[in-house]
>>> print(open('my_file32.pdb').read())   # PDB, C-alpha atoms, pLDDT in the B column
ATOM      1  CA  MET A   1     125.034  87.745 102.688  1.00 38.00           C
ATOM      2  CA  LEU A   2     121.855  87.773 104.722  1.00 43.00           C
ATOM      3  CA  VAL A   3     122.192  87.028 108.413  1.00 43.00           C
ATOM      4  CA  THR A   4     118.961  85.752 109.926  1.00 46.00           C
ATOM      5  CA  GLU A   5     117.776  86.291 113.493  1.00 48.00           C
ATOM      6  CA  SER A   6     118.707  82.730 114.407  1.00 48.00           C
ATOM      7  CA  ASP A   7     122.170  83.282 112.911  1.00 46.00           C
ATOM      8  CA  ALA A   8     122.557  86.447 114.969  1.00 49.00           C
ATOM      9  CA  ALA A   9     121.557  84.584 118.111  1.00 50.00           C
ATOM     10  CA  ARG A  10     124.439  82.186 117.406  1.00 51.00           C
ATOM     11  CA  GLY A  11     126.845  85.120 117.006  1.00 53.00           C
ATOM     12  CA  ALA A  12     127.023  85.247 113.188  1.00 50.00           C
ATOM     13  CA  GLN A  13     128.373  88.498 111.816  1.00 53.00           C
ATOM     14  CA  ARG A  14     128.866  90.113 108.438  1.00 44.00           C
ATOM     15  CA  PRO A  15     132.271  89.137 107.005  1.00 43.00           C
ATOM     16  CA  ALA A  16     135.024  91.740 107.453  1.00 42.00           C
ATOM     17  CA  TRP A  17     135.475  91.961 103.668  1.00 35.00           C
ATOM     18  CA  ALA A  18     131.873  93.116 103.202  1.00 39.00           C
ATOM     19  CA  ILE A  19     132.369  96.840 103.708  1.00 41.00           C
ATOM     20  CA  SER A  20     129.077  98.174 102.365  1.00 54.00           C
ATOM     21  CA  ILE A  21     125.802  97.808 104.186  1.00 71.00           C
ATOM     22  CA  GLN A  22     122.412  97.704 102.551  1.00 87.00           C
ATOM     23  CA  VAL A  23     119.329  99.417 103.886  1.00 91.00           C
ATOM     24  CA  GLY A  24     117.753  96.067 104.695  1.00 92.00           C
ATOM     25  CA  GLU A  25     120.600  94.983 106.902  1.00 92.00           C
ATOM     26  CA  ALA A  26     120.768  98.360 108.636  1.00 94.00           C
ATOM     27  CA  LEU A  27     117.045  98.203 109.434  1.00 95.00           C
ATOM     28  CA  TRP A  28     117.287  94.588 110.574  1.00 95.00           C
ATOM     29  CA  ARG A  29     120.228  95.374 112.869  1.00 94.00           C
ATOM     30  CA  GLY A  30     118.374  98.399 114.224  1.00 95.00           C
ATOM     31  CA  ARG A  31     115.352  96.236 114.963  1.00 96.00           C
ATOM     32  CA  LEU A  32     117.456  93.689 116.808  1.00 96.00           C
ATOM     33  CA  ARG A  33     119.141  96.438 118.844  1.00 95.00           C
ATOM     34  CA  ALA A  34     115.710  97.821 119.730  1.00 96.00           C
ATOM     35  CA  GLY A  35     114.537  94.365 120.784  1.00 97.00           C
ATOM     36  CA  LEU A  36     111.540  94.442 118.441  1.00 97.00           C
ATOM     37  CA  SER A  37     109.961  91.680 116.409  1.00 97.00           C
ATOM     38  CA  LEU A  38     109.140  92.157 112.760  1.00 96.00           C
ATOM     39  CA  ASP A  39     105.425  92.224 113.634  1.00 97.00           C
ATOM     40  CA  GLU A  40     106.008  94.856 116.323  1.00 98.00           C
ATOM     41  CA  VAL A  41     107.808  97.099 113.851  1.00 98.00           C
ATOM     42  CA  ALA A  42     105.046  96.633 111.283  1.00 98.00           C
ATOM     43  CA  GLY A  43     102.361  97.494 113.835  1.00 98.00           C
ATOM     44  CA  ARG A  44     104.157 100.563 115.156  1.00 98.00           C
ATOM     45  CA  ILE A  45     104.834 102.070 111.734  1.00 98.00           C
ATOM     46  CA  GLY A  46     101.532 101.105 110.135  1.00 97.00           C
ATOM     47  CA  ALA A  47     102.928  98.748 107.530  1.00 97.00           C
ATOM     48  CA  ASP A  48     102.233  95.122 106.772  1.00 95.00           C
ATOM     49  CA  PRO A  49     104.808  92.577 107.980  1.00 97.00           C
ATOM     50  CA  GLU A  50     105.448  91.423 104.400  1.00 96.00           C
ATOM     51  CA  THR A  51     106.655  94.894 103.403  1.00 96.00           C
ATOM     52  CA  VAL A  52     108.850  95.173 106.493  1.00 96.00           C
ATOM     53  CA  GLY A  53     110.312  91.726 105.759  1.00 95.00           C
ATOM     54  CA  ALA A  54     110.889  92.615 102.112  1.00 94.00           C
ATOM     55  CA  LEU A  55     112.772  95.751 103.176  1.00 95.00           C
ATOM     56  CA  GLU A  56     114.954  93.820 105.608  1.00 94.00           C
ATOM     57  CA  ASN A  57     115.768  91.197 102.982  1.00 93.00           C
ATOM     58  CA  SER A  58     116.285  93.712 100.154  1.00 89.00           C
ATOM     59  CA  ASN A  59     113.600  91.819  98.266  1.00 91.00           C
ATOM     60  CA  PHE A  60     112.769  94.696  95.940  1.00 90.00           C
ATOM     61  CA  ALA A  61     110.368  92.674  93.817  1.00 91.00           C
ATOM     62  CA  ARG A  62     108.061  92.295  96.848  1.00 93.00           C
ATOM     63  CA  LEU A  63     108.068  95.972  97.814  1.00 93.00           C
ATOM     64  CA  PRO A  64     105.109  98.243  97.105  1.00 90.00           C
ATOM     65  CA  SER A  65     105.614 101.354  94.992  1.00 92.00           C
ATOM     66  CA  ARG A  66     108.888 103.258  95.315  1.00 93.00           C
ATOM     67  CA  ASP A  67     107.239 106.081  97.248  1.00 95.00           C
ATOM     68  CA  ARG A  68     105.504 103.715  99.690  1.00 96.00           C
ATOM     69  CA  ALA A  69     108.680 101.670 100.201  1.00 95.00           C
ATOM     70  CA  ILE A  70     110.655 104.810 101.016  1.00 96.00           C
ATOM     71  CA  ALA A  71     107.927 106.071 103.368  1.00 97.00           C
ATOM     72  CA  VAL A  72     107.889 102.752 105.227  1.00 97.00           C
ATOM     73  CA  ALA A  73     111.702 102.683 105.395  1.00 97.00           C
ATOM     74  CA  ARG A  74     111.773 106.244 106.787  1.00 97.00           C
ATOM     75  CA  ALA A  75     109.245 105.383 109.499  1.00 98.00           C
ATOM     76  CA  TYR A  76     111.167 102.197 110.288  1.00 97.00           C
ATOM     77  CA  ALA A  77     114.456 104.128 110.516  1.00 96.00           C
ATOM     78  CA  GLN A  78     112.920 106.650 112.884  1.00 97.00           C
ATOM     79  CA  LEU A  79     111.532 103.870 115.079  1.00 97.00           C
ATOM     80  CA  VAL A  80     114.903 102.165 115.468  1.00 96.00           C
ATOM     81  CA  GLY A  81     117.031 105.317 115.660  1.00 95.00           C
ATOM     82  CA  LEU A  82     118.663 105.332 112.240  1.00 94.00           C
ATOM     83  CA  SER A  83     119.204 108.319 109.961  1.00 93.00           C
ATOM     84  CA  LYS A  84     116.079 108.849 107.855  1.00 94.00           C
ATOM     85  CA  LYS A  85     118.138 110.809 105.343  1.00 93.00           C
ATOM     86  CA  TRP A  86     120.664 107.991 104.875  1.00 92.00           C
ATOM     87  CA  ILE A  87     117.937 105.337 104.676  1.00 93.00           C
ATOM     88  CA  THR A  88     116.009 107.369 102.083  1.00 93.00           C
ATOM     89  CA  SER A  89     118.952 108.155  99.826  1.00 92.00           C
ATOM     90  CA  THR A  90     120.474 104.677 100.072  1.00 91.00           C
ATOM     91  CA  LEU A  91     117.187 102.873  99.452  1.00 93.00           C
ATOM     92  CA  ASP A  92     116.490 105.124  96.481  1.00 92.00           C
ATOM     93  CA  LYS A  93     119.889 104.169  95.007  1.00 90.00           C
ATOM     94  CA  GLU A  94     119.286 100.475  95.687  1.00 89.00           C
ATOM     95  CA  LEU A  95     115.864 100.654  94.002  1.00 90.00           C
ATOM     96  CA  LEU A  96     117.333 102.435  90.980  1.00 89.00           C
ATOM     97  CA  ARG A  97     120.032  99.754  90.637  1.00 86.00           C
ATOM     98  CA  HIS A  98     117.454  97.007  90.933  1.00 84.00           C
ATOM     99  CA  ASN A  99     114.798  98.515  88.677  1.00 79.00           C
ATOM    100  CA  GLY A 100     117.213  99.954  86.150  1.00 67.00           C
TER     101      GLY A 100
END
>>> encode(input="my_file32.pdb", output="structure tokens")
Amino acid sequence: MLVTESDAARGAQRPAWAISIQVGEALWRGRLRAGLSLDEVAGRIGADPETVGALENSNFARLPSRDRAIAVARAYAQLVGLSKKWITSTLDKELLRHNG
């Protein structure tokens, strides 16, 4: 389930039964906590907004190469105060599942 910014503004939350969190949601939540827009994140980490949006939405088909996606995710995690190690290892697993 993807919760959009407008959903979050209305108080939408991830269902209690959904116990795992994807990298995209963690980054998105971190961005909201930091009070940053998607464009602000992109500008601060030197990435294009499309890549940042693809990460947040777990849209793996729209991500650049694996190495670039992980580098962007690490910079994003650092910006919003998340564990770079967790982001890196979890994104790598998600990419492996997606790409086979």
>>> closest_residue(input="my_file32.pdb", among="A:Leu91, A:Leu27, A:Ala61, A:Val72", to="A:Gly43", atoms="all atoms listed in the file")
A:Val72
>>> atom_distance(input="my_file32.pdb", atom1="atom CA of A:Thr90", atom2="atom CA of A:Arg62")
17.8 Å
>>> residues_around(input="my_file32.pdb", residues="A:Ser58", least_positions_apart="4", cutoff="8 Å", atoms="all atoms listed in the file", output="list in words")
Gln22, Val23, Gly24 and Ala54 of chain A
>>> atom_distance(input="my_file32.pdb", atom1="atom CA of A:Asp48", atom2="atom CA of A:Tyr76")
11.9 Å
>>> resolve_selection(input="my_file32.pdb", expression="the PyMOL selection byres ((chain A and resi 55) around 12)", output="ChimeraX atom specification")
/A:22-28,38,41-42,47-54,56-64,66,68-74,76-77,87,91,94-95
>>> atom_distance(input="my_file32.pdb", atom1="atom CA of A:Gln78", atom2="atom CA of A:Asn99")
25.6 Å
>>> build_atoms(input="my_file32.pdb", residues="stretch 42-53 of chain A", atoms="all heavy atoms", output="mmCIF file, in the frame of the given file")
data_model
loop_
_atom_site.group_PDB
_atom_site.id
_atom_site.type_symbol
_atom_site.label_atom_id
_atom_site.label_comp_id
_atom_site.auth_asym_id
_atom_site.auth_seq_id
_atom_site.Cartn_x
_atom_site.Cartn_y
_atom_site.Cartn_z
ATOM 1 N N ALA A 42 106.130 96.419 112.242
ATOM 2 C CA ALA A 42 105.046 96.633 111.283
ATOM 3 C C ALA A 42 103.868 97.345 111.958
ATOM 4 O O ALA A 42 103.330 98.317 111.416
ATOM 5 C CB ALA A 42 104.603 95.305 110.676
ATOM 6 N N GLY A 43 103.481 96.882 113.126
ATOM 7 C CA GLY A 43 102.361 97.494 113.835
ATOM 8 C C GLY A 43 102.627 98.928 114.233
ATOM 9 O O GLY A 43 101.752 99.794 114.109
ATOM 10 N N ARG A 44 103.822 99.210 114.684
ATOM 11 C CA ARG A 44 104.157 100.563 115.156
ATOM 12 C C ARG A 44 104.283 101.576 114.034
ATOM 13 O O ARG A 44 104.054 102.760 114.241
ATOM 14 C CB ARG A 44 105.435 100.541 115.973
ATOM 15 C CG ARG A 44 105.257 99.859 117.310
ATOM 16 C CD ARG A 44 106.490 100.000 118.151
ATOM 17 N NE ARG A 44 106.389 99.212 119.362
ATOM 18 C CZ ARG A 44 107.274 99.259 120.334
ATOM 19 N NH1 ARG A 44 108.323 100.063 120.245
ATOM 20 N NH2 ARG A 44 107.120 98.505 121.402
ATOM 21 N N ILE A 45 104.673 101.112 112.839
ATOM 22 C CA ILE A 45 104.834 102.070 111.734
ATOM 23 C C ILE A 45 103.671 102.026 110.747
ATOM 24 O O ILE A 45 103.665 102.759 109.755
ATOM 25 C CB ILE A 45 106.182 101.888 111.000
ATOM 26 C CG1 ILE A 45 106.255 100.544 110.287
ATOM 27 C CG2 ILE A 45 107.342 102.089 111.947
ATOM 28 C CD1 ILE A 45 107.494 100.364 109.413
ATOM 29 N N GLY A 46 102.702 101.171 111.004
ATOM 30 C CA GLY A 46 101.532 101.105 110.135
ATOM 31 C C GLY A 46 101.782 100.471 108.785
ATOM 32 O O GLY A 46 101.228 100.900 107.774
ATOM 33 N N ALA A 47 102.622 99.461 108.776
ATOM 34 C CA ALA A 47 102.928 98.748 107.530
ATOM 35 C C ALA A 47 102.608 97.278 107.729
ATOM 36 O O ALA A 47 102.498 96.807 108.854
ATOM 37 C CB ALA A 47 104.403 98.914 107.177
ATOM 38 N N ASP A 48 102.472 96.557 106.640
ATOM 39 C CA ASP A 48 102.233 95.122 106.772
ATOM 40 C C ASP A 48 103.575 94.411 106.978
ATOM 41 O O ASP A 48 104.610 94.882 106.508
ATOM 42 C CB ASP A 48 101.487 94.567 105.553
ATOM 43 C CG ASP A 48 102.252 94.769 104.269
ATOM 44 O OD1 ASP A 48 102.119 95.848 103.666
ATOM 45 O OD2 ASP A 48 102.997 93.849 103.893
ATOM 46 N N PRO A 49 103.560 93.301 107.711
ATOM 47 C CA PRO A 49 104.808 92.577 107.980
ATOM 48 C C PRO A 49 105.537 92.121 106.716
ATOM 49 O O PRO A 49 106.766 92.049 106.708
ATOM 50 C CB PRO A 49 104.359 91.362 108.809
ATOM 51 C CG PRO A 49 103.061 91.776 109.421
ATOM 52 C CD PRO A 49 102.424 92.700 108.423
ATOM 53 N N GLU A 50 104.803 91.846 105.645
ATOM 54 C CA GLU A 50 105.448 91.423 104.400
ATOM 55 C C GLU A 50 106.330 92.530 103.825
ATOM 56 O O GLU A 50 107.425 92.265 103.333
ATOM 57 C CB GLU A 50 104.398 90.998 103.360
ATOM 58 C CG GLU A 50 103.642 89.734 103.738
ATOM 59 C CD GLU A 50 102.543 89.963 104.787
ATOM 60 O OE1 GLU A 50 102.059 91.110 104.938
ATOM 61 O OE2 GLU A 50 102.194 88.992 105.468
ATOM 62 N N THR A 51 105.862 93.774 103.905
ATOM 63 C CA THR A 51 106.655 94.894 103.403
ATOM 64 C C THR A 51 107.887 95.099 104.267
ATOM 65 O O THR A 51 108.987 95.323 103.759
ATOM 66 C CB THR A 51 105.811 96.183 103.346
ATOM 67 O OG1 THR A 51 104.732 95.985 102.433
ATOM 68 C CG2 THR A 51 106.641 97.374 102.884
ATOM 69 N N VAL A 52 107.719 95.019 105.578
ATOM 70 C CA VAL A 52 108.850 95.173 106.493
ATOM 71 C C VAL A 52 109.878 94.064 106.225
ATOM 72 O O VAL A 52 111.078 94.327 106.128
ATOM 73 C CB VAL A 52 108.381 95.167 107.963
ATOM 74 C CG1 VAL A 52 109.568 95.173 108.913
ATOM 75 C CG2 VAL A 52 107.473 96.366 108.235
ATOM 76 N N GLY A 53 109.415 92.834 106.063
ATOM 77 C CA GLY A 53 110.312 91.726 105.759
ATOM 78 C C GLY A 53 111.010 91.901 104.424
ATOM 79 O O GLY A 53 112.202 91.606 104.294
#
